[in-house]
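Written below as C-alpha cells is the structure these notes are about.
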Amino acid sequence: MKAIVTVVGQDRVGIIAGVCTALAKFNVNVLDIRQTVMQGYFTMMMVTEVSMCNLPLGDLITKMDEIGKEMGLSIRVQREDIFEAMHRI
Amino acid sequence: MLNQNDILQTQDMIDKRHLDIRTITMGISLMDCCDPDLSVCCAKIYKKITTCAKDLVKVGEDIEKEFGIPIVNKRISVTPISIVAGACQADSYVEIAKTLDAAAEVCGVNFIGGFSALVQKGATTGDWKLIRSIPEAMAATERVCASVNVGSTKAGINMDAVAEMGRIIKKTAELTADNDGLGCAKVVVFANAVEDNPFMAGAFHGVGEPECVLNVGVSGPGVVYHALQSVKGQPFDVVAETIKKTAFQITRMGQLVGMEASRRLGIPFGIVDLSLAPTPAVGDSVARILEEMGLEVCGTHGTTAALALLNDAVKKGGVMASNHVGGLSGAFIPVSEDEGMIAAAESGDLFLDKLEAMTCVCSVGLDMIAVPGDTSASTISAIIADEAAIGMVNSKTTAVRIIPAPNKVVGDRVEMGGLLGSAPVMPVHDKSSDQFVARGGRIPAPLQSLKN
C-alpha cells in the first residue's frame with residue numbers, strides 16, 4: 001500500500017533529513033520525492049510504501065503529525081488511493 | 001507519480017472548500033425481528049442493530065484518518081418499523097422508537113432512520129399505529145427519524161394519510177415546543193420515497209434491500225462554488241462542464257470510501273447518492289452556487305433554471321464516477337441548513353412558492369422550512385399534497401419537512417443547532433385549504449404518456 005506524505009512549512013536546514021529519518025524508523029520506504037521552495041515556504045511530496053511499516057497506518061499518521069508539530073511543520077500522511085480516485089479515470 | 005497539483009488540489013478541497021463524505025449509512029433489515037410480543041420485538045431489534053453496526057463508527061473514523069477526508073456522519077437505517085411491528089399486539093410503537101434510540105446511542109451514531117410507514121395506496125393497521133406514534137416518539141427520542149410515504153407515481157396520493165400527517169406534524173411540534181418544534185426536523189413526508197437513501201431524516205432500509213448494506217452520501221457545494229468562480233461570465237455550456245468535472249471528483253471520493261468501508265465491515269456496498277448537501281457553514285451553500293451563476297439572490301427569477309442545470313450536471317458528472325448510483329441523487333435545498341438560503345429567506349427574497357417551483361427540478365422537496373406556529377394542520381397537509389403532486393406527476397422523489405414552530409411568527413428564527421442549522425420563519429398563504437384536505441380518499445395515479 002502506498003501513502004502520500006505532504007510536508008509544508010518554513011524552509012530551514014534538515015527538513016528532508018528529519019522527515020526521512022522518522023519514516024525510516026517506522027520502516028517506511030520512500031519511492032519518490034518532489035519538493036519546491038516557494039517564497040520561503042518548503043513544500044515536499046513523497047510517495048512512500050507503507051506495507052512494511054512497523055505501525056498500523058492510523059498510528060503512523062498520528063506519529064508523523066506529532067513529529068511535524070515538533071519540527072514546526074505540517075506533515076500529512078494519506079493513502080494514495082484518494083488522489084488516484086479523484087484524478088485518474 | 002501523481003501530479004503535485006493534483007495532490008494539492010485534493011487537499012485544498014478538503015481543507016478550504018468543505019469537501020467531505022456527508023454520511024456512510026448502514027442499512028439493516030429487521031425483518032427477522034418480528035414478534036407478537038412488543039418487548040421481545042424490541043429486544044430482537046436492539047440486538048440486531050447493535051450487532052450489525054457495532055464497528056460502523058470505528059471503521060468510519062479509521063477511514064477518515066487514513067484517507068484524510070472527513071466522514072461527517074455515520075448513520076443507520078432500518079426496515080420500516082410499521083412492517084416489522086405489524087405483528088405486535090401493542091397499540092403504540094413508541095417503545096420501539098426508544099429501542100432504536102438506545103441502539104443508536106450504543107453504536108455511536110447520531111441518527112437512525114426507519115421509523116417509517118409506506119402508505120401511498122392505503123394504510124394497514126400497523127401503518128396507522130406507527131403514524132400515530134410519531135409525535136410521542138419524536139418527543140421521547142433524540143436520534144430516531146420518521147418518514148411516511150404518502151404518494152407515488154404508480155399509486156397516486158393517499159389524501160387520508162396526507163390529512164393525518166398535517167395533524168401529526170402539528171402535534172409533534174407541540175410536544176417538542178420547548179425546542180421550537182425540533183421534533184418536526186426528524187419527520188419527513190415523501191412521495192416516491194427511495195429504498196436506499198443514505199440521508200436523514202428520510203432514510204429507511206427498503207424491503208428490496210439485502211440483509212445489511214452500506215450506502216454513501218457525498219457532499220461538496222463549496223467545491224462546486226469554488227470551481228464556478230473560475231468561469232465567471234462564461235456560457236452555460238462551460239458552467240455545466242465545470243460542474244460535471246467537479247461532481248465526478250466528489251463522487252469518486254464517495255465511491256472509494258464506500259467500497260473501503262463495506263469491505264472492512266464485511267457487508268455489500270450499496271450505492272453512492274449523488275447529492276449536493278449543504279451545511280450552515282459559510283462556503284458550503286447550494287444557494288451561493290446558484291448566485292454564482294449570475295443571480296443577485298437565490299429566489300429571484302432564473303433560480304429554477306439555474307438549479308435545473310446544477311442538478312442535472314451533478315448527476316451527469318457523478319454517474320460515471322460510481323458503479324452504483326441511487327438514493328435521492330440531486331441537489332438538496334434545505335433552507336435551515338444552507339447559509340445562502342437562510343440569508344435569502346431573511347432578506348425577503350425567497351418564499352415557499354419559489355422553493356416549491358425549485359423542487360420540480362431538484363432533490364428533494366420543501367426541506368427544513370419553519371412556518372408560523374399558528375399554521376393550521378390543513379394548510380400543512382395542503383403543502384404536503386402540493387409537493388406530493390409534483391413528485392407523482394414528474395416521477396421523482398419529493399418530500400416535505402416542515403416545522404410549524406410553536407409561538408413563532410414570520411420574522412422570528414428557529415434555532416435547531418448543529419447540521420440542522422437555524423431557520424427563519426417563512427410566511428404561508430393565509431387562505432384556507434380545510435375543505436380540500438377534509439375530502440380524503442385518493443388522488444388517482446397520473447397518466448404517464450401525453451406528457452405536457
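Within each chain, counting starts at residue 1; across the C-alpha cells, chains are named A, B, ... in the order shown, with ligands numbered 1 upward in that order.
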
| request: Looking only at strand (DSSP E) from DSSP on the backbone, list the matching residues of stretch 105-234 of chain B as JSON, numbers by chain. | output: {"B": [112, 113, 114, 115, 116, 117, 118, 144, 145, 146, 147, 148, 149, 150, 151, 152, 156, 157, 158, 187, 188, 189, 190, 191, 212, 213, 214, 215, 216, 217, 218]}

| task | Could you give me, as a ChimeraX atom specification, each residue of stretch 24-266 of chain B that DSSP assigns to alpha helix (DSSP H) when run on this structure's backbone? | result | /B:38-52,56-67,81-84,94-107,125-140,159-175,221-229,236-265

| said: Which residues are close to A:Leu57, i.e. within 10 Å by only C-alpha atoms, leaving aside same-chain residues fewer than 3 positions away? Reply as a ChimeraX atom specification. | reply: /A:1,3,50-51,53-54,60-63,77-79 /B:62,65-66

| request: Quick one: everything within 12 Å of stretch 14-22 of chain A, counting only C-alpha atoms, minus sequence neighbours fewer than 6 positions away in the same chain. Send it as a ChimeraX atom specification. | output: /A:5-8,28-37,41-48,53,60-61,63-77

| field | Contacts of stretch 373-381 of chain B at 7 Å (only C-alpha atoms; same-chain gap of 2+ positions) as a list in words | value | Val162, Ala163, Met165, Gly166, Arg167, Lys170, Val371, Ile383, Ile384, Ala385, Pro404, Ala405, Pro406, Asn407, Lys408, Val409, Ser432, Ser433, Asp434 and Val437 of chain B

Residue subset to file, keeping N, CA and C atoms, as a tab-separated table (two decimals), in the first residue's frame:
```tsv
chain	number	residue	atom	x	y	z
B	162	VAL	N	-52.30	12.09	3.97
B	162	VAL	CA	-51.84	13.49	3.88
B	162	VAL	C	-52.52	14.32	4.97
B	163	ALA	N	-53.83	14.13	5.10
B	163	ALA	CA	-54.58	14.89	6.11
B	163	ALA	C	-54.05	14.55	7.51
B	165	MET	N	-51.10	13.45	8.33
B	165	MET	CA	-49.72	13.93	8.55
B	165	MET	C	-49.69	15.41	8.92
B	166	GLY	N	-50.65	16.19	8.42
B	166	GLY	CA	-50.73	17.59	8.84
B	166	GLY	C	-50.93	17.67	10.34
B	167	ARG	N	-51.85	16.86	10.83
B	167	ARG	CA	-52.14	16.84	12.28
B	167	ARG	C	-50.96	16.30	13.07
B	170	LYS	N	-48.27	18.90	13.38
B	170	LYS	CA	-48.66	19.91	14.38
B	170	LYS	C	-48.46	19.37	15.81
B	371	VAL	N	-42.37	27.48	9.58
B	371	VAL	CA	-43.53	28.32	9.28
B	371	VAL	C	-44.15	28.74	10.62
B	383	ILE	N	-49.84	21.76	1.82
B	383	ILE	CA	-48.46	21.93	1.35
B	383	ILE	C	-47.89	20.56	0.97
B	384	ILE	N	-48.16	19.57	1.82
B	384	ILE	CA	-47.70	18.20	1.54
B	384	ILE	C	-48.32	17.69	0.24
B	385	ALA	N	-49.61	17.94	0.07
B	385	ALA	CA	-50.29	17.47	-1.14
B	385	ALA	C	-49.68	18.10	-2.39
B	404	PRO	N	-43.79	23.79	12.02
B	404	PRO	CA	-44.67	24.86	12.47
B	404	PRO	C	-44.23	25.26	13.88
B	405	ALA	N	-43.30	26.20	13.95
B	405	ALA	CA	-42.62	26.50	15.22
B	405	ALA	C	-43.57	27.13	16.22
B	406	PRO	N	-43.81	26.47	17.33
B	406	PRO	CA	-44.80	26.96	18.30
B	406	PRO	C	-44.48	28.38	18.77
B	407	ASN	N	-45.51	29.21	18.78
B	407	ASN	CA	-45.42	30.59	19.28
B	407	ASN	C	-44.51	31.50	18.46
B	408	LYS	N	-44.10	31.04	17.30
B	408	LYS	CA	-43.24	31.90	16.46
B	408	LYS	C	-44.07	32.50	15.34
B	409	VAL	N	-43.64	33.70	14.93
B	409	VAL	CA	-44.31	34.36	13.82
B	409	VAL	C	-43.29	34.69	12.73
B	432	SER	N	-57.73	29.43	3.51
B	432	SER	CA	-57.95	28.06	3.99
B	432	SER	C	-57.91	26.99	2.90
B	433	SER	N	-57.39	25.82	3.27
B	433	SER	CA	-57.48	24.63	2.42
B	433	SER	C	-58.27	23.55	3.14
B	434	ASP	N	-59.00	23.94	4.18
B	434	ASP	CA	-59.71	22.99	5.05
B	434	ASP	C	-60.57	21.99	4.27
B	437	VAL	N	-58.66	19.47	2.05
B	437	VAL	CA	-57.99	18.39	2.79
B	437	VAL	C	-59.02	17.44	3.40
```

| request: Using only C-alpha atoms, find which residues of chain B lie within 9 Å of chain A and jot them down as a list in words. | output: Met1, Leu2, Gln4, Asp6, Ile7, Leu8, Thr10, Asp62, Ile63, Lys65, Glu66, Phe67, Gly68, Ile69, Phe248, Gln249, Ile250, Thr251, Arg252, Met253, Gln255, Leu256, Val257 and Ala321 of chain B

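The coordinates place atom CA of B:Met26 at 9.5 Å from atom CA of B:Phe269.
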
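Distances to B:Glu64 were evaluated for B:Leu307, B:Val84, B:Ala261, B:Cys33 using only C-alpha atoms, and the minimum falls at B:Ala261.
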
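One distance worth recording is that between atom CA of B:Thr141 and atom CA of B:Arg75, which is 15.5 Å.
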
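Interatomic distance, atom CA of B:Thr51 to atom CA of B:Ile24: 17.2 Å.
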